[in-house]
Every structure is written in structure tokens, then in C-alpha cells.
file input-v8.tsv (TSV, C-alpha atoms and all ligand atoms)
chain	number	residue	atom	x	y	z
A	1	MET	CA	58.71	154.73	3.49
A	2	ASN	CA	55.52	155.27	5.50
A	3	GLN	CA	52.37	153.29	5.40
A	4	CYS	CA	49.67	155.15	3.50
A	5	VAL	CA	46.75	152.71	3.81
A	6	HIS	CA	46.35	149.84	6.22
A	7	ILE	CA	43.31	147.59	5.88
A	8	LYS	CA	42.72	145.06	8.63
A	9	GLY	CA	40.13	142.28	8.49
A	10	ILE	CA	37.62	144.31	6.46
A	11	CYS	CA	34.22	142.73	5.83
A	12	LYS	CA	31.34	144.31	3.99
A	13	HIS	CA	27.98	142.82	3.14
A	14	TYR	CA	24.90	144.18	1.44
A	15	GLY	CA	22.02	142.10	2.80
A	16	LYS	CA	23.00	138.53	1.97
A	17	VAL	CA	25.73	139.50	-0.52
A	18	GLU	CA	29.20	139.25	1.01
A	19	ALA	CA	30.96	141.92	-1.05
A	20	LEU	CA	34.22	141.74	0.96
A	21	ARG	CA	35.44	138.93	3.19
A	22	GLN	CA	38.32	139.54	5.62
A	23	ILE	CA	40.48	141.81	3.50
A	24	ASP	CA	44.00	142.59	4.80
A	25	LEU	CA	46.16	144.92	2.75
A	26	SER	CA	48.82	147.57	3.33
A	27	ILE	CA	49.88	150.21	0.82
A	28	MET	CA	53.00	152.33	1.23
A	29	ASP	CA	53.43	156.01	0.32
A	30	GLY	CA	54.17	156.43	-3.37
A	31	GLU	CA	53.03	152.94	-4.39
A	32	PHE	CA	50.91	152.30	-7.47
A	33	VAL	CA	48.61	149.42	-6.62
A	34	ALA	CA	46.09	147.87	-9.00
A	35	LEU	CA	42.98	146.05	-7.73
A	36	LEU	CA	42.30	143.49	-10.43
A	37	GLY	CA	39.43	141.04	-10.70
A	38	PRO	CA	36.28	140.11	-12.61
A	39	SER	CA	33.02	142.01	-12.35
A	40	GLY	CA	31.43	141.76	-8.92
A	41	CYS	CA	34.56	140.65	-7.02
A	42	GLY	CA	34.42	143.67	-4.69
A	43	LYS	CA	36.97	146.12	-6.17
A	44	THR	CA	34.69	149.15	-6.16
A	45	THR	CA	33.36	148.28	-2.71
A	46	LEU	CA	36.91	148.27	-1.35
A	47	LEU	CA	37.65	151.61	-3.02
A	48	ARG	CA	34.45	153.13	-1.61
A	49	LEU	CA	35.36	151.99	1.89
A	50	ILE	CA	38.84	153.52	1.59
A	51	ALA	CA	37.29	156.76	0.30
A	52	GLY	CA	34.76	156.83	3.14
A	53	PHE	CA	31.54	156.53	1.09
A	54	ASP	CA	30.65	153.29	2.87
A	55	GLN	CA	31.22	151.82	6.30
A	56	PRO	CA	32.66	148.33	6.93
A	57	ASN	CA	30.66	145.71	8.84
A	58	ASP	CA	33.86	144.59	10.48
A	59	GLY	CA	37.57	145.41	10.52
A	60	GLU	CA	39.49	148.68	10.44
A	61	ILE	CA	40.84	151.11	7.88
A	62	TRP	CA	43.83	153.27	8.70
A	63	LEU	CA	45.11	156.18	6.61
A	64	HIS	CA	48.56	157.55	7.48
A	65	GLY	CA	48.48	156.11	10.97
A	66	GLU	CA	44.96	157.34	11.76
A	67	ARG	CA	42.05	154.94	12.17
A	68	VAL	CA	39.36	156.31	9.84
A	69	ALA	CA	36.77	153.52	9.78
A	70	THR	CA	35.43	150.73	11.97
A	71	LYS	CA	31.92	149.32	12.22
A	72	PHE	CA	31.25	151.93	14.94
A	73	SER	CA	32.71	155.12	13.50
A	74	ILE	CA	33.68	156.62	10.18
A	75	LYS	CA	35.61	159.72	9.13
A	76	PRO	CA	33.75	161.42	6.24
A	77	PRO	CA	35.33	161.42	2.76
A	78	GLU	CA	35.89	165.19	2.66
A	79	PHE	CA	38.29	164.96	5.60
A	80	ARG	CA	40.39	162.12	4.19
A	81	GLN	CA	42.57	164.10	1.72
A	82	ILE	CA	41.82	161.67	-1.08
A	83	GLY	CA	41.58	162.48	-4.79
A	84	MET	CA	39.20	160.41	-6.91
A	85	VAL	CA	38.75	159.67	-10.60
A	86	PHE	CA	35.81	157.60	-11.82
A	87	GLN	CA	34.97	155.82	-15.04
A	88	SER	CA	32.35	158.44	-15.86
A	89	PHE	CA	34.80	161.36	-15.23
A	90	ALA	CA	31.91	163.18	-13.45
A	91	LEU	CA	32.87	166.66	-14.64
A	92	TRP	CA	30.42	169.51	-14.06
A	93	PRO	CA	29.08	170.29	-17.54
A	94	HIS	CA	28.18	173.93	-16.78
A	95	MET	CA	31.70	174.74	-15.57
A	96	ASN	CA	34.69	175.30	-17.82
A	97	VAL	CA	37.99	173.47	-17.36
A	98	TYR	CA	39.42	176.08	-15.00
A	99	GLU	CA	36.29	176.08	-12.83
A	100	ASN	CA	36.18	172.28	-12.68
A	101	VAL	CA	39.81	172.04	-11.62
A	102	VAL	CA	39.81	174.95	-9.12
A	103	PHE	CA	36.79	173.55	-7.26
A	104	PRO	CA	38.64	171.35	-4.73
A	105	LEU	CA	40.98	174.22	-3.80
A	106	HIS	CA	37.95	176.14	-2.52
A	107	TYR	CA	36.13	173.27	-0.84
A	108	GLN	CA	38.72	170.76	0.38
A	109	PRO	CA	39.83	171.23	3.98
A	110	ASN	CA	43.59	171.38	4.67
A	111	VAL	CA	44.59	172.86	1.30
A	112	LEU	CA	48.17	174.13	1.50
A	113	GLU	CA	48.40	177.89	2.18
A	114	GLU	CA	50.82	178.16	-0.73
A	115	TYR	CA	48.11	176.96	-3.15
A	116	LYS	CA	45.42	179.20	-1.64
A	117	ARG	CA	47.61	182.31	-1.94
A	118	ASN	CA	47.99	181.79	-5.65
A	119	ILE	CA	45.12	179.65	-6.78
A	120	ARG	CA	45.41	180.56	-10.47
A	121	LYS	CA	49.09	179.55	-10.54
A	122	ARG	CA	48.32	176.18	-8.94
A	123	VAL	CA	45.57	175.37	-11.43
A	124	GLN	CA	47.83	176.44	-14.30
A	125	GLU	CA	50.64	174.21	-13.02
A	126	ILE	CA	48.38	171.16	-12.83
A	127	LEU	CA	46.80	171.78	-16.23
A	128	GLU	CA	50.32	171.95	-17.70
A	129	LEU	CA	51.15	168.67	-15.95
A	130	VAL	CA	48.23	166.87	-17.57
A	131	GLY	CA	48.89	168.49	-20.97
A	132	LEU	CA	45.93	170.88	-20.95
A	133	GLY	CA	47.66	174.29	-20.73
A	134	GLY	CA	45.53	176.77	-22.71
A	135	PHE	CA	42.25	174.80	-22.34
A	136	GLU	CA	41.00	176.76	-19.27
A	137	LYS	CA	37.95	178.31	-20.96
A	138	ARG	CA	36.66	175.19	-22.74
A	139	PHE	CA	33.57	173.42	-21.45
A	140	PRO	CA	33.52	169.60	-21.07
A	141	SER	CA	31.28	169.30	-24.15
A	142	GLN	CA	34.03	170.97	-26.20
A	143	LEU	CA	36.66	168.39	-25.22
A	144	SER	CA	37.56	164.92	-26.50
A	145	GLY	CA	37.20	161.87	-24.25
A	146	GLY	CA	40.92	161.85	-23.45
A	147	GLN	CA	40.93	165.55	-22.64
A	148	ARG	CA	37.92	165.16	-20.35
A	149	GLN	CA	39.69	162.34	-18.60
A	150	ARG	CA	42.72	164.58	-18.08
A	151	VAL	CA	40.51	167.29	-16.55
A	152	ALA	CA	39.14	164.66	-14.13
A	153	VAL	CA	42.71	163.67	-13.20
A	154	ALA	CA	43.72	167.35	-12.79
A	155	ARG	CA	40.76	167.97	-10.49
A	156	ALA	CA	41.65	164.92	-8.41
A	157	ILE	CA	45.29	165.92	-7.87
A	158	VAL	CA	45.15	169.76	-7.70
A	159	PHE	CA	44.91	169.87	-3.89
A	160	ASN	CA	47.86	167.49	-3.48
A	161	PRO	CA	45.98	164.51	-2.04
A	162	ALA	CA	47.79	161.97	0.07
A	163	LEU	CA	46.16	159.22	-1.94
A	164	LEU	CA	44.58	158.99	-5.39
A	165	LEU	CA	41.81	156.47	-6.06
A	166	MET	CA	40.95	155.61	-9.66
A	167	ASP	CA	37.98	153.39	-10.57
A	168	GLU	CA	38.25	152.03	-14.15
A	169	PRO	CA	39.26	155.54	-15.30
A	170	LEU	CA	40.09	154.52	-18.87
A	171	SER	CA	37.32	152.06	-19.65
A	172	SER	CA	35.23	154.50	-21.70
A	173	LEU	CA	38.14	155.48	-23.96
A	174	ASP	CA	39.04	153.77	-27.22
A	175	ALA	CA	41.97	151.34	-27.34
A	176	GLU	CA	44.59	153.75	-28.69
A	177	LEU	CA	43.72	156.54	-26.30
A	178	ARG	CA	43.71	154.10	-23.41
A	179	ILE	CA	47.33	153.14	-24.11
A	180	GLN	CA	48.33	156.80	-24.32
A	181	MET	CA	46.49	157.71	-21.10
A	182	ARG	CA	48.13	154.78	-19.29
A	183	LYS	CA	51.50	156.37	-19.98
A	184	GLU	CA	50.25	159.78	-18.89
A	185	ILE	CA	48.91	158.45	-15.60
A	186	GLN	CA	52.25	156.71	-15.02
A	187	ASP	CA	54.07	160.01	-15.70
A	188	ILE	CA	51.77	161.87	-13.32
A	189	HIS	CA	52.40	159.24	-10.68
A	190	ARG	CA	56.16	159.55	-11.16
A	191	ASN	CA	56.03	163.35	-10.98
A	192	LEU	CA	53.76	163.61	-7.94
A	193	GLY	CA	54.81	160.53	-5.99
A	194	THR	CA	51.23	160.17	-4.68
A	195	ALA	CA	50.11	156.66	-3.82
A	196	ILE	CA	47.53	155.39	-6.31
A	197	ILE	CA	44.95	152.64	-5.96
A	198	TYR	CA	43.70	151.78	-9.41
A	199	VAL	CA	40.68	149.54	-10.00
A	200	THR	CA	40.50	147.60	-13.24
A	201	HIS	CA	39.23	144.31	-14.63
A	202	ASP	CA	41.75	144.55	-17.47
A	203	GLN	CA	44.79	142.43	-16.67
A	204	SER	CA	47.01	144.12	-19.26
A	205	GLU	CA	46.26	147.52	-17.72
A	206	ALA	CA	47.06	146.31	-14.21
A	207	LEU	CA	50.30	144.59	-15.27
A	208	ALA	CA	51.40	147.53	-17.41
A	209	MET	CA	50.92	150.27	-14.84
A	210	ALA	CA	51.11	149.08	-11.25
A	211	ASN	CA	54.08	148.33	-8.98
A	212	ARG	CA	51.90	145.84	-7.16
A	213	VAL	CA	48.80	143.96	-8.27
A	214	VAL	CA	46.09	142.70	-5.92
A	215	VAL	CA	44.03	139.98	-7.61
A	216	MET	CA	40.55	139.61	-6.12
A	217	LYS	CA	37.92	136.91	-6.45
A	218	GLU	CA	34.48	136.77	-4.83
A	219	GLY	CA	35.21	139.37	-2.16
A	220	ALA	CA	38.60	137.98	-1.11
A	221	ILE	CA	42.22	138.52	-2.12
A	222	GLU	CA	43.66	135.65	-4.18
A	223	GLN	CA	47.22	136.94	-4.60
A	224	VAL	CA	49.25	140.10	-4.09
A	225	GLY	CA	52.51	140.56	-5.97
A	226	SER	CA	54.55	142.47	-8.52
A	227	PRO	CA	53.26	142.22	-12.11
A	228	ASN	CA	56.12	139.82	-12.77
A	229	GLU	CA	55.16	137.53	-9.87
A	230	ILE	CA	51.48	137.59	-10.75
A	231	TYR	CA	52.11	136.72	-14.39
A	232	PHE	CA	54.97	134.23	-14.08
A	233	SER	CA	54.26	132.71	-10.65
A	234	PRO	CA	50.50	132.55	-10.16
A	235	LYS	CA	49.65	130.95	-6.84
A	236	THR	CA	46.14	129.73	-7.65
A	237	PRO	CA	44.35	128.33	-10.70
A	238	PHE	CA	42.12	131.43	-10.68
A	239	VAL	CA	45.11	133.81	-11.03
A	240	ALA	CA	46.68	131.60	-13.71
A	241	LYS	CA	43.42	131.69	-15.66
A	242	PHE	CA	42.39	135.30	-15.11
A	243	VAL	CA	45.80	136.93	-15.56
A	244	GLY	CA	47.65	134.55	-17.87
A	245	GLN	CA	44.61	132.99	-19.62
A	246	SER	CA	46.20	129.63	-18.84
A	247	ASN	CA	45.07	126.27	-20.17
A	248	PHE	CA	44.92	123.53	-17.54
A	249	LEU	CA	46.11	120.00	-18.20
A	250	LYS	CA	45.22	117.19	-15.82
A	251	GLY	CA	47.90	114.65	-14.98
A	252	GLU	CA	50.27	113.56	-12.28
A	253	TRP	CA	53.18	115.35	-10.62
A	254	LEU	CA	55.98	112.76	-10.32
A	255	ASP	CA	58.15	115.28	-8.48
A	256	SER	CA	58.18	119.07	-8.17
A	257	ARG	CA	59.26	119.55	-11.80
A	258	THR	CA	58.03	116.47	-13.61
A	259	PHE	CA	54.48	116.22	-14.87
A	260	SER	CA	53.06	113.22	-16.63
A	261	ILE	CA	49.91	113.30	-18.79
A	262	HIS	CA	48.05	110.28	-20.10
A	263	PHE	CA	45.82	110.34	-23.14
A	264	ASN	CA	43.32	107.88	-24.52
A	265	ASN	CA	44.59	107.85	-28.07
A	266	GLN	CA	48.23	108.89	-28.01
A	267	ASN	CA	51.39	108.21	-26.08
A	268	PRO	CA	51.73	109.68	-22.58
A	269	VAL	CA	53.88	112.79	-22.30
A	270	VAL	CA	56.30	113.51	-19.47
A	271	ILE	CA	57.19	117.19	-19.16
A	272	ASN	CA	60.22	118.45	-17.26
A	273	THR	CA	59.20	121.98	-16.33
A	274	LYS	CA	61.66	124.88	-15.97
A	275	GLN	CA	59.24	126.75	-13.71
A	276	ASN	CA	58.18	125.63	-10.27
A	277	PHE	CA	54.47	124.79	-10.17
A	278	GLN	CA	54.37	123.89	-6.50
A	279	PRO	CA	50.96	125.60	-5.80
A	280	PHE	CA	49.30	123.34	-8.40
A	281	GLN	CA	50.73	120.01	-7.33
A	282	ASN	CA	48.01	119.00	-4.90
A	283	ASP	CA	45.38	119.54	-7.59
A	284	ASN	CA	47.43	117.55	-10.13
A	285	ILE	CA	47.11	120.19	-12.79
A	286	LEU	CA	49.63	122.00	-14.98
A	287	PRO	CA	48.73	125.54	-16.08
A	288	ILE	CA	50.10	126.56	-19.48
A	289	ARG	CA	49.71	130.03	-20.96
A	290	PRO	CA	48.80	130.39	-24.65
A	291	ASP	CA	52.31	131.73	-25.37
A	292	GLN	CA	53.93	128.67	-23.77
A	293	ILE	CA	52.64	126.30	-26.42
A	294	GLN	CA	54.16	125.95	-29.85
A	295	LEU	CA	52.32	124.87	-32.97
A	296	ARG	CA	54.17	123.12	-35.78
A	297	LYS	CA	53.34	121.61	-39.10
A	298	LEU	CA	52.81	117.91	-38.69
A	299	ARG	CA	55.81	115.81	-39.66
A	300	ASN	CA	56.03	112.04	-39.75
A	301	GLN	CA	58.07	111.83	-36.58
A	302	TYR	CA	57.03	114.29	-33.94
A	303	SER	CA	59.20	115.38	-30.99
A	304	LYS	CA	59.31	114.06	-27.43
A	305	ASN	CA	56.85	116.57	-25.95
A	306	GLY	CA	54.86	116.74	-29.15
A	307	LEU	CA	51.12	116.06	-29.15
A	308	LEU	CA	48.77	115.57	-32.01
A	309	GLY	CA	46.02	118.18	-32.39
A	310	LYS	CA	43.46	119.63	-34.80
A	311	VAL	CA	42.89	123.35	-35.39
A	312	ARG	CA	39.30	124.28	-34.39
A	313	HIS	CA	39.28	128.10	-34.34
A	314	ILE	CA	41.57	130.88	-35.54
A	315	GLN	CA	41.42	134.47	-34.33
A	316	PHE	CA	43.54	137.13	-35.99
A	317	GLN	CA	44.89	139.59	-33.41
A	318	GLY	CA	47.28	141.80	-35.32
A	319	ARG	CA	50.81	140.58	-34.71
A	320	GLU	CA	49.55	137.39	-33.12
A	321	LEU	CA	47.13	134.65	-34.01
A	322	MET	CA	45.13	132.83	-31.37
A	323	TYR	CA	44.38	129.23	-32.27
A	324	SER	CA	42.05	126.83	-30.47
A	325	VAL	CA	43.44	123.37	-30.99
A	326	GLN	CA	41.71	120.16	-29.98
A	327	VAL	CA	44.14	117.75	-28.30
A	328	GLU	CA	42.15	114.76	-27.08
A	329	GLU	CA	39.61	116.13	-24.56
A	330	TYR	CA	41.35	119.52	-24.31
A	331	GLN	CA	40.64	122.61	-26.36
A	332	LEU	CA	43.98	124.43	-25.97
A	333	GLU	CA	44.27	128.17	-26.57
A	334	ILE	CA	47.58	128.78	-28.33
A	335	MET	CA	49.12	132.10	-29.30
A	336	THR	CA	51.57	132.21	-32.19
A	337	ASN	CA	53.22	134.87	-34.30
A	338	THR	CA	51.86	135.10	-37.80
A	339	TYR	CA	54.88	133.72	-39.66
A	340	THR	CA	53.49	130.21	-40.05
A	341	HIS	CA	49.84	129.77	-40.95
A	342	PHE	CA	47.65	126.87	-40.03
A	343	GLU	CA	44.27	126.17	-41.55
A	344	TYR	CA	40.92	125.31	-39.98
A	345	GLY	CA	40.79	121.56	-39.51
A	346	GLU	CA	44.54	121.09	-40.07
A	347	ASP	CA	46.28	118.34	-38.10
A	348	VAL	CA	49.18	119.90	-36.21
A	349	GLU	CA	51.94	119.11	-33.76
A	350	VAL	CA	51.62	120.83	-30.41
A	351	GLU	CA	54.60	121.27	-28.10
A	352	LEU	CA	54.34	122.34	-24.47
A	353	LEU	CA	57.15	124.71	-23.46
A	354	VAL	CA	56.98	125.21	-19.71
B	1	LIG	N1	24.80	149.06	-2.84
B	1	LIG	C1	24.77	147.75	-3.04
B	1	LIG	N2	23.71	147.01	-2.71
B	1	LIG	C2	23.68	145.67	-2.87
B	1	LIG	N3	24.71	144.96	-3.39
B	1	LIG	C3	25.80	145.64	-3.77
B	1	LIG	C4	25.89	147.06	-3.62
B	1	LIG	N4	27.12	147.45	-4.07
B	1	LIG	C5	27.74	146.33	-4.50
B	1	LIG	N5	26.96	145.25	-4.31
B	1	LIG	C6	27.32	143.84	-4.63
B	1	LIG	O1	28.57	143.58	-4.03
B	1	LIG	C7	29.40	142.80	-4.90
B	1	LIG	C8	30.69	143.54	-5.20
B	1	LIG	O2	30.40	144.68	-6.03
B	1	LIG	P1	31.51	145.67	-6.56
B	1	LIG	O3	30.84	146.80	-7.25
B	1	LIG	O4	32.44	146.03	-5.44
B	1	LIG	O5	32.29	144.77	-7.61
B	1	LIG	P2	33.39	145.19	-8.67
B	1	LIG	O6	34.48	144.19	-8.54
B	1	LIG	O7	33.77	146.61	-8.52
B	1	LIG	O8	32.60	144.95	-10.03
B	1	LIG	P3	32.64	145.79	-11.42
B	1	LIG	O9	33.98	145.50	-12.05
B	1	LIG	O10	31.49	145.17	-12.18
B	1	LIG	O11	32.43	147.23	-11.08
B	1	LIG	C9	28.54	142.50	-6.12
B	1	LIG	O12	27.94	141.25	-5.96
B	1	LIG	C10	27.52	143.61	-6.11
B	1	LIG	O13	26.33	143.20	-6.74
call {"tool": "encode", "arguments": {"input": "input-v8.tsv", "output": "C-alpha cells"}}
result
Amino acid sequence: MNQCVHIKGICKHYGKVEALRQIDLSIMDGEFVALLGPSGCGKTTLLRLIAGFDQPNDGEIWLHGERVATKFSIKPPEFRQIGMVFQSFALWPHMNVYENVVFPLHYQPNVLEEYKRNIRKRVQEILELVGLGGFEKRFPSQLSGGQRQRVAVARAIVFNPALLLMDEPLSSLDAELRIQMRKEIQDIHRNLGTAIIYVTHDQSEALAMANRVVVMKEGAIEQVGSPNEIYFSPKTPFVAKFVGQSNFLKGEWLDSRTFSIHFNNQNPVVINTKQNFQPFQNDNILPIRPDQIQLRKLRNQYSKNGLLGKVRHIQFQGRELMYSVQVEEYQLEIMTNTYTHFEYGEDVEVELLV
């Protein structure tokens, strides 16, 4: 597989704001990579640099073996063979679906001769692919949000770009449509094989769709890995918190799998972990996700890892309930199924299952 994007030591600042600090990242042909991080961490800035809308202050960007940006020179976006989909869709309101989608075939350089010879057929093919066959004459105002989004995707891929950049493309859609569009974007990716870089601040979207997730914080990369690695083996407290919504317990690592916690008002607990928490050992913390804690009705004799807690908040979330439980100085977020109910203020037994 060939390298599609290679980013080397990229820095970007706007006045005093360091939007990107020494970013290194390579993306292979056909990969689906999500850039994930909180607002302001630099995701959009990185996407804009790859697209060619902005120039780095340092470092290099390579696309398919060609250096396209340094602090001295920059190849303009229209010559980079990149398709783009934004949060706002940015369709032309006075053009119908056909006219919106055909546009890049007229104006992009390097469009395949095959597409130019039969432009109508190419547009038709792409509209079928995104499930909009028969919608050619409709104007954007006559389409639903999901349909508009599909037109934006069709327009971005019609000229067969080498790379597709998507910036929070589903954030203005409602929850149900978002889930459906996720699947459609995955299907399109499978069918076209185009590399995709997908910006989102929604961890479930990144984990659900991408082959590889790049977690960013304050202009730097915190961790790069498969969704599985990012979720089950976070390498920093930030990733554990942002992606897995982990609780952090302070204590002492006795060895690489034994964590001991002392409390003021109850017996100390020693936990033998199944997972390896090596990255957290120097900080003497144990991250625990809400689904790794079990809540039980309080019995007289509670189990070895059991802690005593009090229910402080309950949030109903459909099939799950999210409880906040006070255990000594900690307010632990705990996710349970809805089979057993606990009341506000109830004393409960809390078991850590890591
Ligand atoms: N044109 C600009 N001028 C000044 N500062 C900017 C500019 N563009 C971005 N920034 C700053 O750079 C930082 C990174 O912004 P960026 O838009 O890349 O973040 P983001 O992760 O995409 O955030 P969001 O999820 O909110 O879109 C922020 O602190 C932002 O305020």
C-alpha cells in the first residue's frame, strides 16, 4: 500500500495561539482515519493545511510522494485532487442536485477523460452510489438534511479524488440520521477505496467508523491507534478520560498489575487488574471506565473489592442508566443496565472490575 499523506513536524500558529505543535502523521491509501479531540485542539487547522487553505509555519506536507507545503511554498488546493465535505454542506442553493454534483467535473484539473466524455453518466453513477438516483432536478431547499449531506458527499467524490477530507460532516443532523449516514459513509469508503480523513469531536463516531483514530489535545497528538487500542489501551489520562470517560482513582501500584487504594473511612482495597495499566503507573492512578464498575444492593457482608457508596445522581439513557456514586472523596460515574434500580441517596456496594 502506498503512502497517501505524510505530515512531518508541522507547526502552525495564529499570532500567539499555537494551533499545531510538531505534528507527525502518515496515512496510507485507502485508510479511514479519524481526527478526534475537544474543541480548539487543532483538528480543523490540520485539515485545512492538508487541503492547502493554510500554510504551515514549519514542517512539510507530502501527498502521494509530492511535497505540497512547507513554510516557503504551497501547492494550491485546486491542484491537490482532494474532495471535501464540511459541517455546513456548503451546497449552492441556486443550483439543482445535478448542477451541484457536476460542478467539479468542469472545474477540477486532472479529471479522468472517461468521466469528461460522459459527464451525465458519471454524475448518475455517483448519485446512485449515495442513494439519490432520481433527485437530479431538486434544489437544496427541497431536500432533507440527510439528502443534502449526501449531495455534498457526491460532489466531493464525483471526480475520483485521491483523498477525501470530512470536517464534522454529520454534526448538524439528528441522532438517528447521524447513525444512518455513518453507515452510508462507511459503505462509500468501502466501494471507492479512497483514503478519508474525518474530523470529529464525537468519540463514538470516531470509534465506530475509522480504521485508525488520532486523538489530539492542545495542538499535539496524544495517541494514534485502532479504535480497539484507543478504547481498551489508552496511553494517557487524557485519552482515558476523553474516549472512555474514565474515572481516576488515586493509590499505589504495588507491581504492574496490583493497585492498592486507601480510604479514610473504609478498609483499603487491593485490586488485581486483568489489563496492563503501565502508562499510568508513574502517576499512581488507576483509570476505570463507567462500564467497568458494578453496582449492587448493599448486603451485610460485601465482597473483597467491594466499596461502600451513596447514589448522588441518576441519568436515564435508554438501555443504560448512568449513576454518579459518592465513594469517599470520589464521585464515580457508573454505567449499568436497567435491570436493577437504585434510588437517589441509596447506600450501595460498588465493585471495580478491571
Ligand atoms: N484564523 C484563525 N485565527 C486565529 N486563531 C485561530 C484561527 N483558526 C484557528 N484558530 C485557533 O487555533 C486553535 C485550533 O483551532 P481549530 O479550529 O483547528 O480547532 P478544532 O479542534 O477544529 O476545534 P472545533 O472542534 O471547535 O472546530 C484554536 O485555539 C483556535 O481558536
call {"tool": "atom_distance", "arguments": {"input": "input-v8.tsv", "atom1": "atom CA of A:Met166", "atom2": "atom CA of A:Asn118"}}
result
27.4 Å
call {"tool": "residues_around", "arguments": {"input": "input-v8.tsv", "residues": "A:Glu320", "least_positions_apart": "4", "cutoff": "8 Å", "atoms": "all atoms listed in the file", "output": "ChimeraX atom specification"}}
result
/A:316,335-338
call {"tool": "axis_aligned_box", "arguments": {"input": "input-v8.tsv", "around": "ligand LIG 1 (chain B)", "padding_each_side": "8 Å", "output": "JSON"}}
result
{"center_x": 29.1, "center_y": 145.2, "center_z": -7.4, "size_x": 26.8, "size_y": 23.8, "size_z": 25.5}
call {"tool": "residues_near_ligand", "arguments": {"input": "input-v8.tsv", "ligand": "ligand LIG 1 (chain B)", "cutoff": "10 Å", "atoms": "only C-alpha atoms and all ligand atoms", "output": "PyMOL selection string"}}
result
chain A and resi 12-20+35-49+54+87+167-168+199-202+216-219
call {"tool": "closest_atom_pairs", "arguments": {"input": "input-v8.tsv", "of": "stretch 190-219 of chain A", "to": "stretch 67-86 of chain A", "cutoff": "10 Å", "atoms": "only C-alpha atoms", "output": "CSV"}}
result
residue,atom,partner,partner_atom,distance
A:Thr194,CA,A:Gly83,CA,9.9
A:Ile196,CA,A:Gly83,CA,9.4
A:Ile197,CA,A:Met84,CA,9.7
A:Tyr198,CA,A:Val85,CA,9.4
A:Val199,CA,A:Phe86,CA,9.6
